[in-house]
Structures are given as structure tokens and as C-alpha cells.
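Visitor: See start_3.txt below, with compact mmCIF, C-alpha atoms.
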# COMPACT_ATOMS: atom_id res chain seq x y z
CA MET Z 1 14.57 4.47 -7.26
CA SER Z 2 12.38 2.04 -9.23
CA ASN Z 3 8.67 1.50 -9.75
CA VAL Z 4 7.31 -1.76 -8.39
CA LEU Z 5 3.86 -3.27 -8.79
CA VAL Z 6 2.73 -5.91 -6.26
CA VAL Z 7 -0.29 -7.97 -7.29
CA THR Z 8 -2.04 -10.09 -4.67
CA TRP Z 9 -5.49 -11.15 -3.48
CA ASP Z 10 -7.61 -11.45 -0.36
CA ALA Z 11 -7.00 -15.12 0.36
CA GLY Z 12 -5.77 -15.25 3.95
CA GLY Z 13 -2.09 -16.18 3.94
CA THR Z 14 -1.47 -14.45 0.61
CA VAL Z 15 -1.67 -10.96 2.07
CA ALA Z 16 1.16 -10.81 4.64
CA PRO Z 17 3.98 -11.90 2.29
CA ALA Z 18 2.92 -9.47 -0.43
CA VAL Z 19 2.46 -6.51 1.92
CA GLY Z 20 5.64 -7.37 3.82
CA ILE Z 21 7.72 -7.29 0.65
CA ALA Z 22 5.99 -4.15 -0.59
CA ALA Z 23 6.71 -2.33 2.69
CA GLU Z 24 10.34 -3.46 2.67
CA LEU Z 25 10.86 -2.23 -0.89
CA GLN Z 26 9.23 1.10 -0.11
CA SER Z 27 11.47 1.52 2.94
CA ARG Z 28 14.43 1.19 0.55
CA GLY Z 29 13.19 4.12 -1.51
CA HIS Z 30 11.27 2.38 -4.28
CA ARG Z 31 7.84 3.54 -5.44
CA VAL Z 32 5.44 0.69 -4.74
CA ARG Z 33 1.81 0.13 -5.74
CA VAL Z 34 -0.33 -2.78 -4.54
CA LEU Z 35 -3.22 -4.19 -6.57
CA GLY Z 36 -5.74 -6.29 -4.66
CA HIS Z 37 -9.32 -6.86 -3.48
CA ALA Z 38 -11.21 -4.09 -1.69
CA PRO Z 39 -11.10 -5.62 1.86
CA MET Z 40 -7.30 -5.38 1.77
CA ARG Z 41 -7.26 -1.59 1.51
CA ARG Z 42 -6.93 -0.86 5.24
CA THR Z 43 -4.10 -3.37 5.68
CA VAL Z 44 -2.17 -2.06 2.69
CA GLU Z 45 -2.66 1.63 3.41
CA SER Z 46 -1.74 1.16 7.08
CA GLU Z 47 1.78 0.44 5.80
CA GLY Z 48 1.79 3.72 3.88
CA LEU Z 49 1.48 1.93 0.53
CA ALA Z 50 -0.52 3.04 -2.50
CA PHE Z 51 -3.48 0.72 -3.04
CA HIS Z 52 -5.42 0.00 -6.23
CA GLU Z 53 -8.62 -2.03 -6.15
CA TYR Z 54 -9.53 -4.64 -8.77
CA GLN Z 55 -12.14 -3.35 -11.19
CA GLN Z 56 -12.56 -6.17 -13.71
CA ALA Z 57 -11.65 -9.22 -11.61
CA ARG Z 58 -14.46 -11.68 -10.90
CA ASP Z 59 -16.35 -11.48 -7.63
CA TRP Z 60 -14.36 -13.11 -4.83
CA GLN Z 61 -15.90 -13.66 -1.40
CA PRO Z 62 -13.65 -16.00 0.58
CA ARG Z 63 -15.78 -15.70 3.73
CA ALA Z 64 -19.01 -16.81 2.07
CA ARG Z 65 -20.37 -20.07 3.49
CA LEU Z 66 -20.21 -22.35 0.48
CA SER Z 67 -20.32 -26.10 0.10
CA THR Z 68 -16.98 -27.85 -0.39
CA ARG Z 69 -17.56 -28.20 -4.13
CA ARG Z 70 -18.62 -24.59 -4.61
CA ALA Z 71 -15.69 -23.38 -2.50
CA GLU Z 72 -13.28 -25.35 -4.70
CA LEU Z 73 -14.82 -23.92 -7.87
CA ALA Z 74 -14.68 -20.37 -6.51
CA TYR Z 75 -11.01 -20.80 -5.61
CA LEU Z 76 -10.09 -22.26 -8.99
CA GLY Z 77 -12.09 -19.54 -10.73
CA ALA Z 78 -10.14 -16.81 -8.96
CA CYS Z 79 -6.84 -18.39 -9.97
CA VAL Z 80 -7.63 -18.52 -13.71
CA ASP Z 81 -9.57 -15.25 -13.84
CA ARG Z 82 -8.64 -13.20 -16.90
CA GLY Z 83 -10.16 -10.16 -15.18
CA THR Z 84 -7.14 -9.84 -12.89
CA GLY Z 85 -4.95 -9.77 -15.98
CA ARG Z 86 -7.05 -7.00 -17.52
CA ASP Z 87 -6.73 -4.99 -14.30
CA VAL Z 88 -2.96 -5.50 -14.33
CA ALA Z 89 -2.70 -4.41 -17.95
CA ALA Z 90 -4.79 -1.30 -17.30
CA LEU Z 91 -2.70 -0.32 -14.28
CA LEU Z 92 0.55 -0.85 -16.22
CA ARG Z 93 -0.67 1.49 -18.95
CA GLU Z 94 -1.36 4.18 -16.36
CA HIS Z 95 1.64 3.47 -14.13
CA PRO Z 96 4.45 1.57 -15.91
CA CYS Z 97 6.72 -0.41 -13.59
CA ASP Z 98 10.24 -1.77 -13.63
CA VAL Z 99 9.32 -5.05 -11.95
CA ALA Z 100 6.06 -6.74 -10.94
CA VAL Z 101 5.67 -9.09 -7.98
CA VAL Z 102 2.65 -11.34 -8.55
CA ASP Z 103 1.12 -13.96 -6.28
CA CYS Z 104 1.85 -17.30 -7.92
CA MET Z 105 -1.80 -18.41 -7.85
CA LEU Z 106 -3.02 -15.43 -9.89
CA LEU Z 107 -2.32 -17.05 -13.24
CA GLY Z 108 -4.26 -14.41 -15.18
CA ALA Z 109 -2.10 -11.67 -13.67
CA LEU Z 110 1.13 -13.60 -14.31
CA ALA Z 111 0.14 -14.09 -17.93
CA ALA Z 112 -0.59 -10.36 -18.24
CA VAL Z 113 2.81 -9.17 -16.98
CA ARG Z 114 4.48 -11.74 -19.20
CA ARG Z 115 2.60 -10.45 -22.26
CA ALA Z 116 3.53 -6.89 -21.29
CA GLY Z 117 7.21 -7.81 -21.27
CA VAL Z 118 7.66 -6.65 -17.67
CA ARG Z 119 10.33 -8.27 -15.54
CA HIS Z 120 8.41 -10.14 -12.90
CA VAL Z 121 8.54 -12.27 -9.79
CA SER Z 122 6.21 -15.16 -8.98
CA LEU Z 123 5.57 -14.96 -5.24
CA VAL Z 124 4.95 -18.30 -3.51
CA HIS Z 125 3.16 -17.81 -0.19
CA THR Z 126 3.42 -21.43 0.96
CA LEU Z 127 5.30 -24.66 0.19
CA TYR Z 128 6.40 -24.68 -3.46
CA GLY Z 129 6.55 -28.46 -3.64
CA TYR Z 130 2.88 -28.62 -2.69
CA LEU Z 131 1.88 -26.11 -5.36
CA ARG Z 132 3.89 -27.73 -8.12
CA GLN Z 133 2.38 -31.11 -7.36
CA GLU Z 134 -1.19 -30.17 -6.48
CA PHE Z 135 -1.79 -27.30 -8.89
CA GLY Z 136 0.84 -28.04 -11.50
CA THR Z 137 -0.68 -31.42 -12.33
CA GLY Z 138 -4.27 -31.46 -10.99
CA ALA Z 139 -7.60 -29.83 -11.75
CA LEU Z 140 -6.22 -26.29 -11.75
CA ASN Z 141 -3.60 -27.28 -14.30
CA ALA Z 142 -6.25 -28.80 -16.56
CA ILE Z 143 -8.53 -25.76 -16.36
CA ALA Z 144 -5.65 -23.30 -16.70
CA THR Z 145 -4.19 -25.14 -19.70
CA VAL Z 146 -7.49 -24.81 -21.55
CA LYS Z 147 -7.32 -21.07 -20.86
CA GLY Z 148 -3.70 -20.85 -21.98
CA MET Z 149 -2.29 -20.35 -18.47
CA ARG Z 150 -0.29 -23.48 -17.62
CA PRO Z 151 0.92 -22.95 -14.01
CA ARG Z 152 4.39 -24.47 -14.24
CA ARG Z 153 5.09 -22.69 -17.50
CA LEU Z 154 4.20 -19.35 -15.94
CA TRP Z 155 6.11 -20.04 -12.73
CA ASP Z 156 9.23 -21.31 -14.49
CA GLY Z 157 9.06 -18.40 -16.97
CA ALA Z 158 9.23 -15.74 -14.25
CA ASP Z 159 12.53 -13.92 -13.73
CA ARG Z 160 12.41 -15.13 -10.14
CA THR Z 161 10.16 -17.34 -8.07
CA LEU Z 162 10.42 -16.36 -4.42
CA VAL Z 163 9.33 -19.02 -1.91
CA THR Z 164 8.40 -17.56 1.47
CA THR Z 165 8.81 -20.63 3.63
CA MET Z 166 11.48 -22.42 5.66
CA ALA Z 167 14.22 -24.18 3.73
CA SER Z 168 14.11 -27.10 6.18
CA LEU Z 169 10.40 -27.69 5.51
CA GLU Z 170 10.25 -27.08 1.75
CA PRO Z 171 9.58 -30.50 0.18
CA THR Z 172 10.85 -29.71 -3.35
CA SER Z 173 14.46 -30.61 -4.00
CA PRO Z 174 16.10 -29.45 -6.13
CA LEU Z 175 14.18 -26.26 -6.79
CA PRO Z 176 13.70 -24.96 -10.34
CA ALA Z 177 16.59 -22.76 -11.51
CA ASN Z 178 14.69 -19.48 -11.03
CA ALA Z 179 13.45 -20.27 -7.51
CA ARG Z 180 14.86 -19.00 -4.24
CA VAL Z 181 13.68 -19.86 -0.71
CA VAL Z 182 13.80 -16.51 1.10
CA GLY Z 183 12.21 -17.48 4.42
CA PRO Z 184 8.80 -16.80 5.97
CA ILE Z 185 7.54 -13.24 5.98
CA VAL Z 186 6.17 -12.72 9.47
CA PRO Z 187 6.12 -9.77 11.88
CA THR Z 188 9.26 -9.34 13.95
CA ALA Z 189 9.13 -12.10 16.52
CA ALA Z 190 10.97 -13.32 19.59
CA PRO Z 191 10.49 -16.43 21.74
CA ALA Z 192 7.21 -16.28 23.65
CA ARG Z 193 7.37 -15.44 27.33
CA SER Z 194 5.61 -18.69 28.27
CA ALA Z 195 2.87 -16.80 30.04
CA GLY Z 196 0.67 -19.88 29.97
CA LYS Z 197 -2.14 -18.81 27.61
CA LEU Z 198 -3.61 -21.05 24.94
CA LEU Z 199 -4.41 -19.46 21.57
CA VAL Z 200 -7.13 -21.03 19.42
CA SER Z 201 -7.23 -19.58 15.91
CA LEU Z 202 -8.58 -21.18 12.76
CA SER Z 203 -8.62 -19.48 9.37
CA SER Z 204 -9.86 -15.92 8.89
CA LEU Z 205 -11.49 -17.33 5.73
CA TYR Z 206 -14.43 -19.70 5.91
CA TYR Z 207 -14.09 -23.41 5.18
CA PRO Z 208 -17.04 -25.85 5.16
CA GLY Z 209 -17.71 -27.11 8.69
CA GLN Z 210 -15.44 -24.54 10.34
CA ALA Z 211 -17.99 -23.41 12.92
CA ASP Z 212 -18.59 -27.00 14.06
CA THR Z 213 -14.88 -27.72 14.34
CA LEU Z 214 -14.29 -24.53 16.27
CA GLN Z 215 -17.08 -25.46 18.67
CA ALA Z 216 -15.48 -28.88 19.25
CA ILE Z 217 -12.18 -27.17 20.09
CA VAL Z 218 -13.92 -24.76 22.45
CA ASP Z 219 -15.62 -27.68 24.20
CA ALA Z 220 -12.28 -29.47 24.45
CA VAL Z 221 -10.49 -26.62 26.22
CA ALA Z 222 -13.41 -25.07 28.12
CA ASP Z 223 -12.21 -26.30 31.52
CA LEU Z 224 -8.50 -26.02 30.83
CA PRO Z 225 -6.72 -24.65 33.93
CA LEU Z 226 -5.09 -21.78 32.05
CA PRO Z 227 -6.38 -18.74 30.15
CA VAL Z 228 -7.73 -19.43 26.65
CA VAL Z 229 -7.83 -16.78 23.92
CA LEU Z 230 -10.03 -17.56 20.92
CA THR Z 231 -9.87 -15.51 17.71
CA THR Z 232 -12.60 -16.15 15.17
CA GLY Z 233 -11.31 -13.90 12.39
CA ASN Z 234 -13.99 -12.83 9.95
CA ALA Z 235 -15.21 -16.35 9.22
CA VAL Z 236 -17.20 -17.22 12.37
CA ARG Z 237 -19.03 -14.76 14.61
CA PRO Z 238 -18.15 -15.01 18.30
CA GLU Z 239 -21.85 -15.19 19.23
CA GLU Z 240 -22.19 -18.42 17.22
CA LEU Z 241 -20.13 -20.31 19.79
CA ARG Z 242 -21.07 -21.72 23.18
CA ARG Z 243 -18.19 -20.97 25.50
CA PRO Z 244 -17.54 -20.24 29.18
CA SER Z 245 -17.61 -16.62 30.26
CA THR Z 246 -13.97 -16.89 31.32
CA MET Z 247 -12.80 -17.55 27.75
CA GLU Z 248 -11.55 -14.45 25.95
CA VAL Z 249 -13.17 -14.38 22.50
CA LEU Z 250 -12.04 -11.89 19.89
CA GLY Z 251 -12.86 -11.31 16.25
CA TYR Z 252 -9.90 -10.42 14.08
CA VAL Z 253 -6.68 -9.44 15.85
CA PRO Z 254 -3.08 -9.61 14.56
CA HIS Z 255 -1.42 -12.71 15.96
CA ALA Z 256 1.77 -10.78 16.66
CA LYS Z 257 -0.09 -8.99 19.47
CA ILE Z 258 -1.10 -12.24 21.16
CA MET Z 259 1.61 -14.82 20.58
CA PRO Z 260 4.26 -13.32 22.89
CA ASP Z 261 1.98 -14.30 25.83
CA VAL Z 262 1.08 -17.78 24.59
CA SER Z 263 2.52 -21.22 25.28
CA LEU Z 264 0.56 -23.27 22.71
CA VAL Z 265 -1.38 -22.57 19.50
CA VAL Z 266 -4.30 -24.61 18.19
CA GLY Z 267 -4.53 -23.70 14.51
CA HIS Z 268 -5.68 -24.96 11.12
CA GLY Z 269 -2.31 -25.47 9.45
CA GLY Z 270 -2.43 -22.30 7.40
CA HIS Z 271 1.13 -21.51 6.36
CA GLY Z 272 1.12 -17.95 7.68
CA THR Z 273 -0.32 -18.75 11.11
CA THR Z 274 1.99 -21.73 11.46
CA MET Z 275 5.12 -19.74 10.60
CA GLN Z 276 4.13 -17.01 13.08
CA ALA Z 277 3.63 -19.58 15.85
CA LEU Z 278 6.97 -21.23 15.15
CA ALA Z 279 8.69 -17.84 14.97
CA HIS Z 280 7.64 -17.47 18.63
CA ASP Z 281 8.97 -20.97 19.47
CA LEU Z 282 5.41 -22.21 20.01
CA PRO Z 283 4.40 -25.85 19.50
CA MET Z 284 1.05 -26.47 17.84
CA VAL Z 285 -2.00 -28.67 17.63
CA ILE Z 286 -3.01 -28.48 13.97
CA VAL Z 287 -6.57 -29.16 12.80
CA PRO Z 288 -6.57 -28.91 8.97
CA MET Z 289 -9.84 -27.47 7.70
CA PHE Z 290 -9.74 -28.01 3.92
CA ASP Z 291 -8.48 -31.06 2.05
CA ARG Z 292 -7.74 -29.12 -1.15
CA SER Z 293 -5.20 -26.86 0.49
CA ASP Z 294 -1.69 -26.95 1.93
CA GLN Z 295 -2.95 -27.30 5.51
CA LEU Z 296 -2.54 -31.07 5.89
CA LEU Z 297 0.97 -31.00 4.42
CA VAL Z 298 2.01 -28.05 6.61
CA GLY Z 299 0.67 -29.89 9.66
CA SER Z 300 2.36 -33.16 8.76
CA LEU Z 301 5.73 -31.44 8.23
CA VAL Z 302 5.49 -29.67 11.58
CA GLN Z 303 4.52 -32.97 13.21
CA ARG Z 304 7.42 -34.77 11.49
CA ALA Z 305 9.76 -32.06 12.78
CA GLY Z 306 8.51 -32.88 16.29
CA ALA Z 307 6.97 -29.45 16.93
CA GLY Z 308 3.28 -30.30 16.78
CA GLU Z 309 0.48 -32.81 16.44
CA VAL Z 310 -2.16 -33.10 13.71
CA VAL Z 311 -5.77 -33.83 14.68
CA SER Z 312 -8.68 -34.45 12.30
CA ARG Z 313 -11.23 -31.66 11.93
CA ARG Z 314 -13.87 -34.31 12.71
CA ALA Z 315 -12.23 -35.28 16.01
CA ASP Z 316 -14.34 -35.22 19.15
CA PRO Z 317 -13.50 -32.87 22.05
CA ALA Z 318 -11.84 -35.65 24.07
CA THR Z 319 -9.38 -36.40 21.24
CA ILE Z 320 -8.61 -32.73 20.78
CA ARG Z 321 -8.12 -32.25 24.53
CA ALA Z 322 -5.69 -35.17 24.71
CA ALA Z 323 -3.55 -33.60 21.98
CA VAL Z 324 -3.66 -30.22 23.72
CA ASP Z 325 -2.56 -31.77 27.01
CA ARG Z 326 0.36 -33.53 25.33
CA MET Z 327 1.55 -30.35 23.61
CA LEU Z 328 1.17 -28.24 26.77
CA ALA Z 329 3.36 -30.62 28.77
CA PRO Z 330 7.15 -30.29 28.85
CA GLY Z 331 8.91 -32.41 26.26
CA PRO Z 332 11.03 -32.52 23.12
CA HIS Z 333 8.30 -30.80 21.07
CA ARG Z 334 9.19 -27.51 22.75
CA ALA Z 335 12.84 -27.85 21.79
CA ALA Z 336 11.78 -28.73 18.25
CA ALA Z 337 9.59 -25.61 18.02
CA ALA Z 338 12.44 -23.49 19.38
CA ARG Z 339 14.80 -24.92 16.75
CA LEU Z 340 12.40 -24.00 13.95
CA GLY Z 341 11.80 -20.60 15.51
CA ALA Z 342 15.51 -19.85 15.54
CA GLU Z 343 15.69 -20.78 11.84
CA ILE Z 344 12.87 -18.37 10.96
CA ARG Z 345 14.33 -15.49 12.96
CA SER Z 346 17.79 -16.00 11.43
CA SER Z 347 16.47 -15.64 7.86
CA PRO Z 348 14.11 -12.64 7.64
CA GLY Z 349 11.97 -13.22 4.58
CA ALA Z 350 11.07 -9.65 3.57
CA PRO Z 351 14.67 -8.33 3.38
CA ASN Z 352 15.81 -11.48 1.59
CA ALA Z 353 12.99 -11.14 -0.94
CA ALA Z 354 13.72 -7.46 -1.46
CA ASP Z 355 17.39 -8.27 -2.14
CA GLU Z 356 16.34 -10.75 -4.84
CA ILE Z 357 13.96 -8.23 -6.43
CA GLU Z 358 16.56 -5.47 -6.40
CA ALA Z 359 18.96 -7.82 -8.18
CA LEU Z 360 16.53 -7.77 -11.13
CA LEU Z 361 16.45 -3.97 -11.36
Would you write out, as C-alpha cells, the structure that this file holds?
Guide:
Amino acid sequence: MSNVLVVTWDAGGTVAPAVGIAAELQSRGHRVRVLGHAPMRRTVESEGLAFHEYQQARDWQPRARLSTRRAELAYLGACVDRGTGRDVAALLREHPCDVAVVDCMLLGALAAVRRAGVRHVSLVHTLYGYLRQEFGTGALNAIATVKGMRPRRLWDGADRTLVTTMASLEPTSPLPANARVVGPIVPTAAPARSAGKLLVSLSSLYYPGQADTLQAIVDAVADLPLPVVLTTGNAVRPEELRRPSTMEVLGYVPHAKIMPDVSLVVGHGGHGTTMQALAHDLPMVIVPMFDRSDQLLVGSLVQRAGAGEVVSRRADPATIRAAVDRMLAPGPHRAAAARLGAEIRSSPGAPNAADEIEALL
């Protein structure tokens, strides 16, 4: 039995991979602690995991309605925050660990475990090629370098970098020597039952203009001749939207409870939501919400694979409806989604990741 520390943050698609790996390791008899932001407590503790809340990390409110520029600065600030590193160091003094698993974007935390001499894993919650290009050379790299936290140096210096995506979609080839693609970490899934529902679900975080885009999607599918389920997460309140009384509108609900009864997903291109949809063999209409994120690349790769269609967040309802109609119709996109779904189900990410971590112990 070993002691494992998992360090993550409340940034949408970052949570499921970290908690999934933590739960898998605990099921194998390891003692696991999770360090994260306060809103994650219920999710972490529902898996029977010990949770520790950040004390010195900077304020992080991903659902605050900020301008694009302020949202970018808040995101970059969280990534290079030395406060997360101080929290990691404090927790390690109280509870030493044999290996730490740290979200790859938390550069302050990665630097802290490296200074402490702890064997550690950099956990990539999306496409590694995107991160190495966008954040290994762009504004984050410049800011992080000034603070002594060069992203690629920290990632390549980890004992392992675990990439929780599909090997067939990962754009980096070859991967760095310490990197392993372990597969998406999603709830146990099976092909959807093709019950005929449409799921509309943008990010549970707030992106500039998200309420307007969601309204355009609602208007596009309002008279669709099949049931529509809309989840607004914690970013947009259901009462903000004009919608027909027949449309089922929910706040936050785990997608695994809905997707078995769905035949198409309209999403934002978030890596986690996209992998869950594909794991159920569901084609997608993808409406990327934030230019400085992986959403456009995720959407374009799914579209290139033939399993979906990308639509601009500024598209009018008629354009969105046309894409929805095309993806609802029979066609090769359904076979493409089923092919990707079979790949995800054949390579369970959490067990694969746990195997890699146990190899370090």
C-alpha cells in the first residue's frame, strides 16, 4: 500500500480524470488524498476519497462572468499561481506521499513536487499536442518562464506524463519519452439506446457570450420533433433562457445519466463532454465557446474523423438547425462515432493510468 497525492483544480474537464484515477488507485488499496478547490469537495468525497481544500491558492471563480481578456488573465493566473505550490508543500509536510499526480496546468504545484523530490506524474486532461503548442510556446510560457515555471521543462521532467485522450485523435507524434496515452477517463459507457432525445450541453464553466449562444441553440431546436434535454450546468441559470414548456431544462446533472437515452449531442467541444458522447457512440454538433482553449481543435478532430460537425458560436439558429438535422439523419457519421466509441471502451483510461502510476512505486 502506498500514499498518493492527487492535485487538481475546479476547471471543468480537469476534475473527472483526476477523481477517476484517484478512485481507481484507492480501489487497489492505496491511500489517496485529493487537493483541490472547495466546490470539488462533494464530488471527491462522494467517491470515498479524502479531500483537502486549497488554503493559499489565489481566488479562482471559473463561473464568474468576465470579459474575454479578464477570463484569459484569470486562467493564466491560476496556472502560474505559487499559492498552489505552497499548499502542496504544506500538505506534503503533514502527509508525505510516495507519488504525486498533478494536473499539468498547475505549474506552481508541479514545481513544488519537483522541489520536494517526490516522484510525480503530470496529468494531461486533454490533447497533449494542443497544450505543448499553445501553452508551451505562447503567453503562458512567457509568463511562466519569468516565474521560473517553464511548462515543457516541468512536463518533460515528470516521471510520467499521462495523456487521457484517444490515441487516434492525439495530434502529437512522436510523444515525449515520458508520455503515455492511457485513454479517456469517462464513466462506464455503452452504446446509446437511440431513444431519440437530443442533448444540449455547453460548459459547466462560464465563457463570454455563453448565454447568447445557448439561447441561439434553444431557438434552433425549439420545434424539433423529438424530445430535447438542455443542461445549463452552473454557468447559466435555466430561467435566463426563453424556451418552450416541452423542453426539459436541468441545471447540473452527470452526463452518464442522460446519454444512454440520447441520439445526438450539441456541445461546446470540451474534451470531457466530447469523450463521454463518443463513448456512447453519439455523433455531435460542436459549438466551441472559447478561442483560447482546446475546444476548436477537439471539434475539428471529431469533424475530420467524420463523427461531428463544427458550428461557430456566432451562428444563427437556422445554421445551427441545419447542422442538427444533418447529424440526426442516418449516415456515415453514426458509423464514425461508433468506431471512436469502440476505441474508448476498449482502452479504459483510469485502470491504464493506475497501472502506469503503480509502475513508479
Visitor: Which of these residues is nearest to Z:Thr126, using all atoms listed in the file: Z:Pro96, Z:Pro317, Z:Pro62, Z:Pro184?
Guide: Z:Pro184
Visitor: Given all atoms listed in the file as the basis, pick out the residue of Z:Leu241, Z:Met40, Z:Arg31, Z:Ala23 nearest to Z:Trp9.
Guide: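 Answer, going by the shortest atom-to-atom distance: Z:Met40.
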Visitor: Could you name the residues that touch Z:Val99 at 9 Å or less, counting only C-alpha atoms, but leaving out those on the same chain fewer than 5 positions away, as JSON, numbers by chain?
Guide: {"Z": [2, 3, 4, 5, 6, 118, 119, 120, 121, 357, 360, 361]}
Visitor: Find the residues near Z:Leu340: any atom within 12 Å, counting only C-alpha atoms, skip ones fewer than 2 places away on the same chain, and give them as a ChimeraX atom specification.
Guide: /Z:165-169,183-184,191,274-283,301-303,305-308,333-338,342-347
Visitor: Please report the interatomic distance between atom CA of Z:Gly29 and atom CA of Z:Ala112 in Å with one decimal.
Guide: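 Going from atom CA of Z:Gly29 over to atom CA of Z:Ala112 covers 26.1 Å.
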Visitor: Measure the distance from atom CA of Z:His95 to atom CA of Z:Asp355 in Å and round it to one decimal.
Guide: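 Computed distance, atom CA of Z:His95 to atom CA of Z:Asp355, equals 23.0 Å.
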Visitor: Counting all atoms listed in the file, find residues at most 12 Å from (0.1, -10.4, 5.4) (file frame) and give them as JSON, numbers by chain.
Guide: {"Z": [8, 9, 10, 11, 12, 13, 14, 15, 16, 17, 18, 19, 20, 21, 22, 23, 40, 42, 43, 44, 46, 47, 125, 164, 184, 185, 186, 187, 204, 254, 255, 256, 271, 272, 273, 275, 276, 350]}
Visitor: Have stretch 92-104 of chain Z completed to N, CA and C atoms, please, and pass it along as an mmCIF file, in the frame of the given file.
Guide:
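Done, and the output landed in part_3.cif:
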data_model
loop_
_atom_site.group_PDB
_atom_site.id
_atom_site.type_symbol
_atom_site.label_atom_id
_atom_site.label_comp_id
_atom_site.auth_asym_id
_atom_site.auth_seq_id
_atom_site.Cartn_x
_atom_site.Cartn_y
_atom_site.Cartn_z
ATOM 1 N N LEU Z 92 -0.767 -1.029 -15.611
ATOM 2 C CA LEU Z 92 0.550 -0.850 -16.220
ATOM 3 C C LEU Z 92 0.539 0.257 -17.270
ATOM 4 N N ARG Z 93 -0.589 0.399 -17.976
ATOM 5 C CA ARG Z 93 -0.670 1.490 -18.950
ATOM 6 C C ARG Z 93 -0.653 2.849 -18.257
ATOM 7 N N GLU Z 94 -1.299 2.917 -17.105
ATOM 8 C CA GLU Z 94 -1.360 4.180 -16.360
ATOM 9 C C GLU Z 94 -0.093 4.434 -15.561
ATOM 10 N N HIS Z 95 0.454 3.352 -14.993
ATOM 11 C CA HIS Z 95 1.640 3.470 -14.130
ATOM 12 C C HIS Z 95 2.637 2.372 -14.518
ATOM 13 N N PRO Z 96 3.456 2.588 -15.529
ATOM 14 C CA PRO Z 96 4.450 1.570 -15.910
ATOM 15 C C PRO Z 96 5.365 1.240 -14.738
ATOM 16 N N CYS Z 97 5.837 0.002 -14.692
ATOM 17 C CA CYS Z 97 6.720 -0.410 -13.590
ATOM 18 C C CYS Z 97 7.969 -1.077 -14.135
ATOM 19 N N ASP Z 98 8.977 -1.137 -13.276
ATOM 20 C CA ASP Z 98 10.240 -1.770 -13.630
ATOM 21 C C ASP Z 98 10.226 -3.263 -13.309
ATOM 22 N N VAL Z 99 9.450 -3.642 -12.311
ATOM 23 C CA VAL Z 99 9.320 -5.050 -11.950
ATOM 24 C C VAL Z 99 7.960 -5.243 -11.279
ATOM 25 N N ALA Z 100 7.339 -6.390 -11.561
ATOM 26 C CA ALA Z 100 6.060 -6.740 -10.940
ATOM 27 C C ALA Z 100 6.255 -7.975 -10.072
ATOM 28 N N VAL Z 101 5.651 -7.956 -8.904
ATOM 29 C CA VAL Z 101 5.670 -9.090 -7.980
ATOM 30 C C VAL Z 101 4.237 -9.606 -7.911
ATOM 31 N N VAL Z 102 4.002 -10.834 -8.382
ATOM 32 C CA VAL Z 102 2.650 -11.340 -8.550
ATOM 33 C C VAL Z 102 2.479 -12.636 -7.771
ATOM 34 N N ASP Z 103 1.399 -12.712 -6.983
ATOM 35 C CA ASP Z 103 1.120 -13.960 -6.280
ATOM 36 C C ASP Z 103 1.037 -15.103 -7.285
ATOM 37 N N CYS Z 104 1.692 -16.204 -6.963
ATOM 38 C CA CYS Z 104 1.850 -17.300 -7.920
ATOM 39 C C CYS Z 104 0.528 -17.929 -8.343
#
